[in-house]
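*Asks:* The structure that follows is given in the form of structure tokens.
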Amino acid sequence: MINYTDHVRLLMVDVVSRVPALSHIDVREVLVFARLGRTSAHGAYATCHSLMLPDSEPAYYYWRDRRTGALTRRSEWFITRSPEVRIGPRRISHLISIALPRFCDQTLKDTHKERVYGRGKEWLAQLDTIVHELYHVDPHEGGIRRSVKGDGRPSTQTHAPQFFRDVQRIVREYLASKPDPAVCEFLSLDFDGLLRRYGGVTGTTFRDFPAFPQRYRERLAKQPRAPRVAQIVPLPERTCQRLYTEADLAEREFTAHSTRRLEDQSAGQRPKGVYPHLVPSQAARR
Ligand SMILES: [Zn+2]
């Protein structure tokens, strides 16, 4: 079987070594993992998450009386923070997820990428996506890059048109550097093609699949008294995993519609959903 996320990671190592615009990235601090994303369903091909964002400002959820607008209830005060992921001695700065099998089945047809890369070069759609996620890695603060407009001024969008143009330029620079075709070769096969050639597709995932490390809420130890309301709602008691290591990783096999944990199946019985979404729908962030 082919471990797809390993191949993506090796390609990333090659890209950052050849393209100066991405030379600030140490791929050892980037963890590539797989999520299930069906080809027929709408959704992202890949995503980039920073684990280096600072703690949020203290906040609470609140409820208002519909008629008077007065504050009736609020939650306890909390901050949100990023979990820590450590692989060996290194702290991971970014997680990049790959949606399988959707990522393998993306095509240029009818997308803006077809105009850029031309027909028939389907694998460039996937290379563009990989470069896109790497380009999200901020060169200065370990967060997510702030997009700029064409004139260089900051943009409020994460995906300003200049962002896509930069990605296309980096893809061309990489190709012009004459990389070893063997590094990109896996991109030339769609999911069915991979199954035919390798007999199966696997990827690195977190053990509590489909959960993965995400920012969590932490109750402030010292609770401010304000604002005074009739009722203070306690934050849900739940254990948020704050530290992940390689012991939290597991390899899974991906099929067109499902996944299966490889080896050590008993651990797959552990409860899922470390991060259930328990926030009341009417709650608003302060
Ligand atoms: Zn993006």
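Letters for chains follow the order of the structure tokens (A, B, ...), residue numbers begin at 1 for each chain, and ligand numbers begin at 1 in the order shown.
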Please identify all protein, DNA and RNA residues within 12 Å of ligand 1, counting only C-alpha atoms and all ligand atoms, and report them as an MDAnalysis selection string.

*Replies:* chainID A and resid 44:49 96:97 128:137 144:147 157:161 163:164 167

*Asks:* Would you kindly return, as a list in words, each protein, DNA or RNA residue with an atom no farther than 10 Å from any atom of A:Arg35, considering only C-alpha atoms and excluding same-chain residues fewer than 3 positions away?

*Replies:*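 Counting only C-alpha atoms, the residues come to Arg38, Tyr45, Ala46, Ser97, Ile98, Ala99, Leu100, Pro101, Arg102, Gly203, Thr204, Thr205, Phe206, Phe209, Pro210, Ala211, Phe212, Arg252, Phe254 and Thr259 of chain A.
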
*Asks:* Compare A:Leu262, A:Leu31, A:Val148, A:Val201 by their minimum atom-to-atom distance to A:Arg91, counting only C-alpha atoms, and give me the closest one.

*Replies:* A:Leu31

*Asks:* Using only C-alpha atoms, can you tell me which of A:Cys104, A:Leu51, A:Ile79, A:Val183 comes closest to A:Leu11?

*Replies:* A:Val183

*Asks:* Between A:Gln162, A:Thr39, A:Asn3, A:Ser188, which is the closest to A:Glu122 once you count only C-alpha atoms?

*Replies:*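 When distances to A:Glu122 are compared using only C-alpha atoms, the smallest one comes from A:Ser188.
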
*Asks:* Could you pull the residues within 10 Å of A:Tyr244, counting only C-alpha atoms, minus those fewer than 6 positions along the same chain, as number ranges by chain?

*Replies:* A: 83-87, 91-92, 206, 212-213

*Asks:* Mind checking DSSP for stretch 96-204 of chain A and telling me the strand (DSSP E) residues as a ChimeraX atom specification?

*Replies:* /A:96-101,201-204

*Asks:* Report as a ChimeraX atom specification all protein, DNA and RNA residues lying within 12 Å of A:Arg225, evaluated on only C-alpha atoms, omitting residues in the same chain fewer than 2 positions from it.

*Replies:* /A:60,74-77,220,222-223,227-229,231-232

*Asks:* Between atom CA of A:Val8 and atom CA of A:Lys113, what is the distance, to one decimal in Å?

*Replies:*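 It comes out at 19.8 Å.
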